[in-house]
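Chemist: Can you read through this structure? Questions will come right after.
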2 protein chains.
Amino acid sequence: MDAKVARPMKMIAQLQPLRELVRGWKANGERVAFVPTMGNLHAGHASLLSAAHLHGRRVVASVFVNPLQFGPHEDYRRYPRPRARDRARLVAAGVDLLWEPDVGDLYPDGERTRVRVAGFDAVLEGAARPGHFEGVATVVLKLVNAVGPDDLWLGQKDAQQARIVERMVADLFVPVRVRRGPTVREPDGLARSSRNAYLSAAERDDALALSRGLASARAALERGERSAAAVARAVRAAWRRMPGVREDYVAVVDADTLQPVRAVRRRVLVAVAARVGRARLIDNFEWEP
Amino acid sequence: MDAKVARPMKMIAQLQPLRELVRGWKANGERVAFVPTMGNLHAGHASLLSAAHLHGRRVVASVFVNPLQFGPHEDYRRYPRPRARDRARLVAAGVDLLWEPDVGDLYPDGERTRVRVAGFDAVLEGAARPGHFEGVATVVLKLVNAVGPDDLWLGQKDAQQARIVERMVADLFVPVRVRRGPTVREPDGLARSSRNAYLSAAERDDALALSRGLASARAALERGERSAAAVARAVRAAWRRMPGVREDYVAVVDADTLQPVRAVRRRVLVAVAARVGRARLIDNFEWEP
């Protein structure tokens, strides 16, 4: 994972030769890791690609801004697409194969199939973004089936997305192993996100509320607090001192089922979403008693 | 496809060894055909298995009565499950591997993923059976992913099911080829179906209405009729002489999209459903100008 030792990166636009290249690698005994992205790559993606390299001989990445996971009032059109910069970063990350499908490749005329993980898609991010996770599940299944990797890498930053994809892969017997890469943070704790680019300098300070709120929640859990309501209060207490932050949700849910818990008895996901300026930011951590 | 040359049929209950056996065949260059069934096998299934054998070196069959595709008032519980007879027929058909999953294998606790082909599932059979094709699409994707065959064989008798699965496989880039086997009929024209067993001797005569109605429709098309309404009238004219038949639908739809057409300009599916006694029967044919 060093630009100096970067291998040549192939770019294949057509599905059939792409699939055959991956099949050839696998037939050759080379483990293939796949990292789907929406581009606009940052240190979080670099970390995921690095982890993919450690566990696989070959790394395939895709860059595709998936219209199906954006709501009608969301930022699909203005979502950044710095294609040349992304390609350079993928080369530097040692990616073997890059796939940049067009919208018409994944959603041709007449395409009609949708995949959902019932009950997992209406909570947390799904409550605020109806249809979002149907879009995510559908596109991830298309991409994984098209590429045919051994491992699929997703970031912990989008914990609900990761959990939904894990559930889908298990339920549908998709022959791939889902792995999560840890959330990458700035030195002061802010989780890396494409949407941080929407923050002004002042909002950048306010955005620290998310990681600080989660640190308070973690401290409460470590102290022995087991009431989900009290854990959520710890987050909100931290936010009260930061007026630039508008809560969307503070949730303590079962890490497997994503359903709210009253008491922390097994592994939980503590997840927050808040608006800072015009950006909507999320962050989370998992914790087990 | 002769009982005298039947090969030993393996039965594997666990997913992992099943998948590995199929992978081994494929790695060995042996083409693997898969025929999913709900058991209660008849000549239609035998024909499908025979076709699968002609195109593949290995044939895998599954027997699974899928609860997800039955409505609350349908015949899930009383659907016939003659397990020993089915096994004998599959051995005689030269099946290499039989998988008889339990409900808990395909729908374990916590399972939540559903697959639908929007717009294809609310017409024809889907109009009368809400949720039916979501159940079909979901279970077929599970079974195909679990087995990992080269070819998936489905019967033309369930044309809408075949078309929905074809659409799903294309949309999701599932690495399998869908093939259809022709409808198998009794000498007098009645399409073979598990549900024919529900017919009394008198109803058995009335049930000929379906194939006779379709024959009238085909004759109209061959004569040059291009109005979908006139083609449907030809079916109903045949049925008027058979009072034991209650129409559910008579449809002329685009063979690709399953949407109704007014004029027959390209390939169409002419599909009928009717109640005869307590049985609900379907039949169809495809026709191209």
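Residues in the structure tokens are numbered from 1 in each chain, the chains being A, B, ... in the order shown, and ligands are numbered from 1 in the order shown.
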Excluding range 182-186 of chain A and any residue of its chain fewer than 3 positions from it, enumerate the residues within 8 Å of it, using only C-alpha atoms, and give them as an mmCIF file with N, CA and C atoms, in the first residue's frame.

Modeler:
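Below you can see result01.cif, which holds the result:
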```
data_model
loop_
_atom_site.group_PDB
_atom_site.id
_atom_site.type_symbol
_atom_site.label_atom_id
_atom_site.label_comp_id
_atom_site.auth_asym_id
_atom_site.auth_seq_id
_atom_site.Cartn_x
_atom_site.Cartn_y
_atom_site.Cartn_z
ATOM 1 N N ALA A 43 -9.405 9.491 3.302
ATOM 2 C CA ALA A 43 -8.561 8.571 4.080
ATOM 3 C C ALA A 43 -9.324 7.336 4.540
ATOM 4 N N GLY A 44 -10.649 7.471 4.717
ATOM 5 C CA GLY A 44 -11.444 6.310 5.117
ATOM 6 C C GLY A 44 -11.410 5.227 4.052
ATOM 7 N N SER A 47 -7.991 3.576 3.908
ATOM 8 C CA SER A 47 -7.839 2.587 4.977
ATOM 9 C C SER A 47 -8.536 1.277 4.607
ATOM 10 N N LEU A 48 -9.700 1.382 4.005
ATOM 11 C CA LEU A 48 -10.455 0.198 3.595
ATOM 12 C C LEU A 48 -9.698 -0.566 2.503
ATOM 13 N N GLY A 155 -17.254 -0.066 5.275
ATOM 14 C CA GLY A 155 -16.741 0.710 6.404
ATOM 15 C C GLY A 155 -17.695 0.699 7.598
ATOM 16 N N GLN A 156 -17.131 0.652 8.771
ATOM 17 C CA GLN A 156 -17.909 0.727 10.007
ATOM 18 C C GLN A 156 -18.622 2.076 10.127
ATOM 19 N N LYS A 157 -18.077 3.104 9.502
ATOM 20 C CA LYS A 157 -18.705 4.424 9.536
ATOM 21 C C LYS A 157 -20.187 4.343 9.135
ATOM 22 N N GLY A 189 -10.754 13.647 16.149
ATOM 23 C CA GLY A 189 -11.847 12.715 16.384
ATOM 24 C C GLY A 189 -12.934 12.719 15.317
ATOM 25 N N LEU A 190 -13.007 13.751 14.485
ATOM 26 C CA LEU A 190 -14.075 13.800 13.462
ATOM 27 C C LEU A 190 -13.938 12.617 12.493
ATOM 28 N N ALA A 191 -15.035 11.889 12.322
ATOM 29 C CA ALA A 191 -15.014 10.754 11.393
ATOM 30 C C ALA A 191 -14.866 11.274 9.969
ATOM 31 N N ARG A 192 -14.017 10.625 9.183
ATOM 32 C CA ARG A 192 -13.831 11.033 7.785
ATOM 33 C C ARG A 192 -15.099 10.727 6.995
#
```

Chemist: Please provide the set of residues having any atom within 12 Å of range 168-170 of chain B, restricted to only C-alpha atoms, with same-chain residues fewer than 4 positions apart removed, written as JSON, numbers by chain.

Modeler: {"A": [105, 106, 107, 108, 109, 110, 111, 112, 113, 114, 115, 138, 141, 142, 145, 146], "B": [115, 116, 117, 118, 120, 121, 133, 134, 136, 137, 138, 139, 140, 141, 142, 144, 145, 151, 152, 161, 162, 163, 164, 174, 175, 176, 177, 178, 179]}

Chemist: Residues near range 273-282 of chain A, anyone? I mean within 9 Å using only C-alpha atoms, not counting same-chain ones fewer than 6 positions away, as a list in words.

Modeler: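 Listed by chain and then number, they are Leu124, Glu125, Lys157, Asp158, Ala191, Ser193, Arg195, Asn196, Ala197, Tyr198, Leu199, Ser200, Glu203, Arg204, Asp206, Ala207, Ala209, Leu210, Gly244, Val245, Arg246, Glu247, Asp248, Tyr249, Val250 and Ala251 of chain A.
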
Chemist: Could you turn the residues from that selection into a file that holds C-alpha atoms, as a compact mmCIF listing (two decimals), in the first residue's frame?

Modeler:
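Result file follows (again02.txt):
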```txt
# COMPACT_ATOMS: atom_id res chain seq x y z
CA LEU A 124 -31.84 5.01 12.12
CA GLU A 125 -30.76 6.34 8.70
CA LYS A 157 -18.71 4.42 9.54
CA ASP A 158 -21.87 3.32 7.70
CA ALA A 191 -15.01 10.75 11.39
CA SER A 193 -16.73 11.55 5.39
CA ARG A 195 -19.81 15.20 3.37
CA ASN A 196 -17.29 16.93 5.65
CA ALA A 197 -16.43 18.98 2.55
CA TYR A 198 -19.76 20.77 3.02
CA LEU A 199 -18.57 22.21 6.39
CA SER A 200 -17.33 25.79 6.88
CA GLU A 203 -19.07 24.26 11.35
CA ARG A 204 -15.99 22.03 11.31
CA ASP A 206 -19.30 22.14 15.70
CA ALA A 207 -19.00 18.82 13.87
CA ALA A 209 -20.01 17.18 18.64
CA LEU A 210 -20.63 13.77 17.08
CA GLY A 244 -24.42 24.57 16.19
CA VAL A 245 -25.52 20.92 16.28
CA ARG A 246 -29.11 19.86 15.59
CA GLU A 247 -29.86 16.30 16.63
CA ASP A 248 -31.46 14.01 14.11
CA TYR A 249 -31.24 10.91 16.32
CA VAL A 250 -29.27 9.40 19.16
CA ALA A 251 -29.87 5.65 19.19
```

Chemist: In Å, how far is it from CA of Trp25 in chain B to CA of Phe173 in chain A?

Modeler: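 Answer for the CA of Trp25 in chain B to CA of Phe173 in chain A separation: 19.3 Å.
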
Chemist: Using only C-alpha atoms for the distances, tell me which of B:Met9, B:Ala46, B:Val91, B:Ala27 is nearest to chain A.

Modeler: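 The closest residue to chain A is B:Ala27.
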
Chemist: Give me the residues within 12 Å of Pro260 in chain B as a ChimeraX atom specification, counting only C-alpha atoms and dropping any in the same chain fewer than 5 places off.

Modeler: /B:119-120,123-124,227-229,232,250-255,267-271

Chemist: Save the residues we just selected, N, CA and C atoms, as a JSON list (two decimals), in the first residue's frame?

Modeler:
```json
[["chain", "number", "residue", "atom", "x", "y", "z"],
["B", 119, "GLY", "N", -43.56, -4.27, -10.87],
["B", 119, "GLY", "CA", -44.35, -4.15, -12.09],
["B", 119, "GLY", "C", -44.63, -5.48, -12.74],
["B", 120, "PHE", "N", -43.77, -6.48, -12.48],
["B", 120, "PHE", "CA", -43.99, -7.81, -13.04],
["B", 120, "PHE", "C", -44.82, -8.66, -12.09],
["B", 123, "VAL", "N", -49.42, -8.24, -11.90],
["B", 123, "VAL", "CA", -50.31, -8.58, -13.01],
["B", 123, "VAL", "C", -50.54, -10.10, -13.03],
["B", 124, "LEU", "N", -51.44, -10.56, -13.86],
["B", 124, "LEU", "CA", -51.71, -11.99, -14.06],
["B", 124, "LEU", "C", -51.83, -12.72, -12.73],
["B", 227, "SER", "N", -55.91, -7.99, -32.79],
["B", 227, "SER", "CA", -56.51, -7.29, -31.66],
["B", 227, "SER", "C", -56.46, -8.19, -30.43],
["B", 228, "ALA", "N", -55.86, -7.69, -29.34],
["B", 228, "ALA", "CA", -55.77, -8.49, -28.12],
["B", 228, "ALA", "C", -57.16, -8.80, -27.59],
["B", 229, "ALA", "N", -58.07, -7.83, -27.71],
["B", 229, "ALA", "CA", -59.44, -8.06, -27.20],
["B", 229, "ALA", "C", -60.12, -9.18, -28.00],
["B", 232, "ALA", "N", -58.76, -12.50, -26.87],
["B", 232, "ALA", "CA", -59.37, -12.89, -25.59],
["B", 232, "ALA", "C", -60.80, -13.37, -25.80],
["B", 250, "VAL", "N", -58.20, -13.76, -18.62],
["B", 250, "VAL", "CA", -57.74, -14.11, -19.96],
["B", 250, "VAL", "C", -56.91, -12.91, -20.39],
["B", 251, "ALA", "N", -55.61, -13.09, -20.58],
["B", 251, "ALA", "CA", -54.73, -11.94, -20.79],
["B", 251, "ALA", "C", -53.85, -12.12, -22.01],
["B", 252, "VAL", "N", -53.65, -11.03, -22.72],
["B", 252, "VAL", "CA", -52.69, -10.99, -23.82],
["B", 252, "VAL", "C", -51.69, -9.90, -23.46],
["B", 253, "VAL", "N", -50.47, -10.31, -23.13],
["B", 253, "VAL", "CA", -49.48, -9.35, -22.61],
["B", 253, "VAL", "C", -48.18, -9.47, -23.40],
["B", 254, "ASP", "N", -47.39, -8.42, -23.31],
["B", 254, "ASP", "CA", -46.05, -8.44, -23.90],
["B", 254, "ASP", "C", -45.23, -9.56, -23.21],
["B", 255, "ALA", "N", -44.59, -10.41, -24.01],
["B", 255, "ALA", "CA", -43.90, -11.57, -23.43],
["B", 255, "ALA", "C", -42.70, -11.16, -22.59],
["B", 267, "ARG", "N", -43.71, -10.32, -29.78],
["B", 267, "ARG", "CA", -43.96, -11.57, -29.06],
["B", 267, "ARG", "C", -44.91, -11.31, -27.88],
["B", 268, "VAL", "N", -45.96, -12.11, -27.80],
["B", 268, "VAL", "CA", -46.91, -11.98, -26.70],
["B", 268, "VAL", "C", -47.03, -13.29, -25.93],
["B", 269, "LEU", "N", -47.49, -13.14, -24.70],
["B", 269, "LEU", "CA", -47.88, -14.28, -23.87],
["B", 269, "LEU", "C", -49.39, -14.23, -23.76],
["B", 270, "VAL", "N", -50.04, -15.31, -24.16],
["B", 270, "VAL", "CA", -51.49, -15.43, -23.95],
["B", 270, "VAL", "C", -51.66, -16.37, -22.76],
["B", 271, "ALA", "N", -52.21, -15.81, -21.68],
["B", 271, "ALA", "CA", -52.25, -16.56, -20.41],
["B", 271, "ALA", "C", -53.66, -16.56, -19.87]]
```

Chemist: For chain A, which residue out of B:Gly104, B:Gly181, B:Gly39, B:Pro187 is the nearest one, using only C-alpha atoms?

Modeler: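 Using only C-alpha atoms, chain A sits closest to B:Gly104.
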
Chemist: Which residues, written as a ChimeraX atom specification, have at least one atom at most 10 Å from Ser216 in chain A, with only C-alpha atoms counted and residues fewer than 5 positions away on the same chain left out?

Modeler: /A:211,221-222,231-238

Chemist: Given the choices B:Arg7, B:Arg226, B:Arg262, B:Arg23, which gets closest to chain A if the distance is worked out from only C-alpha atoms?

Modeler: B:Arg23
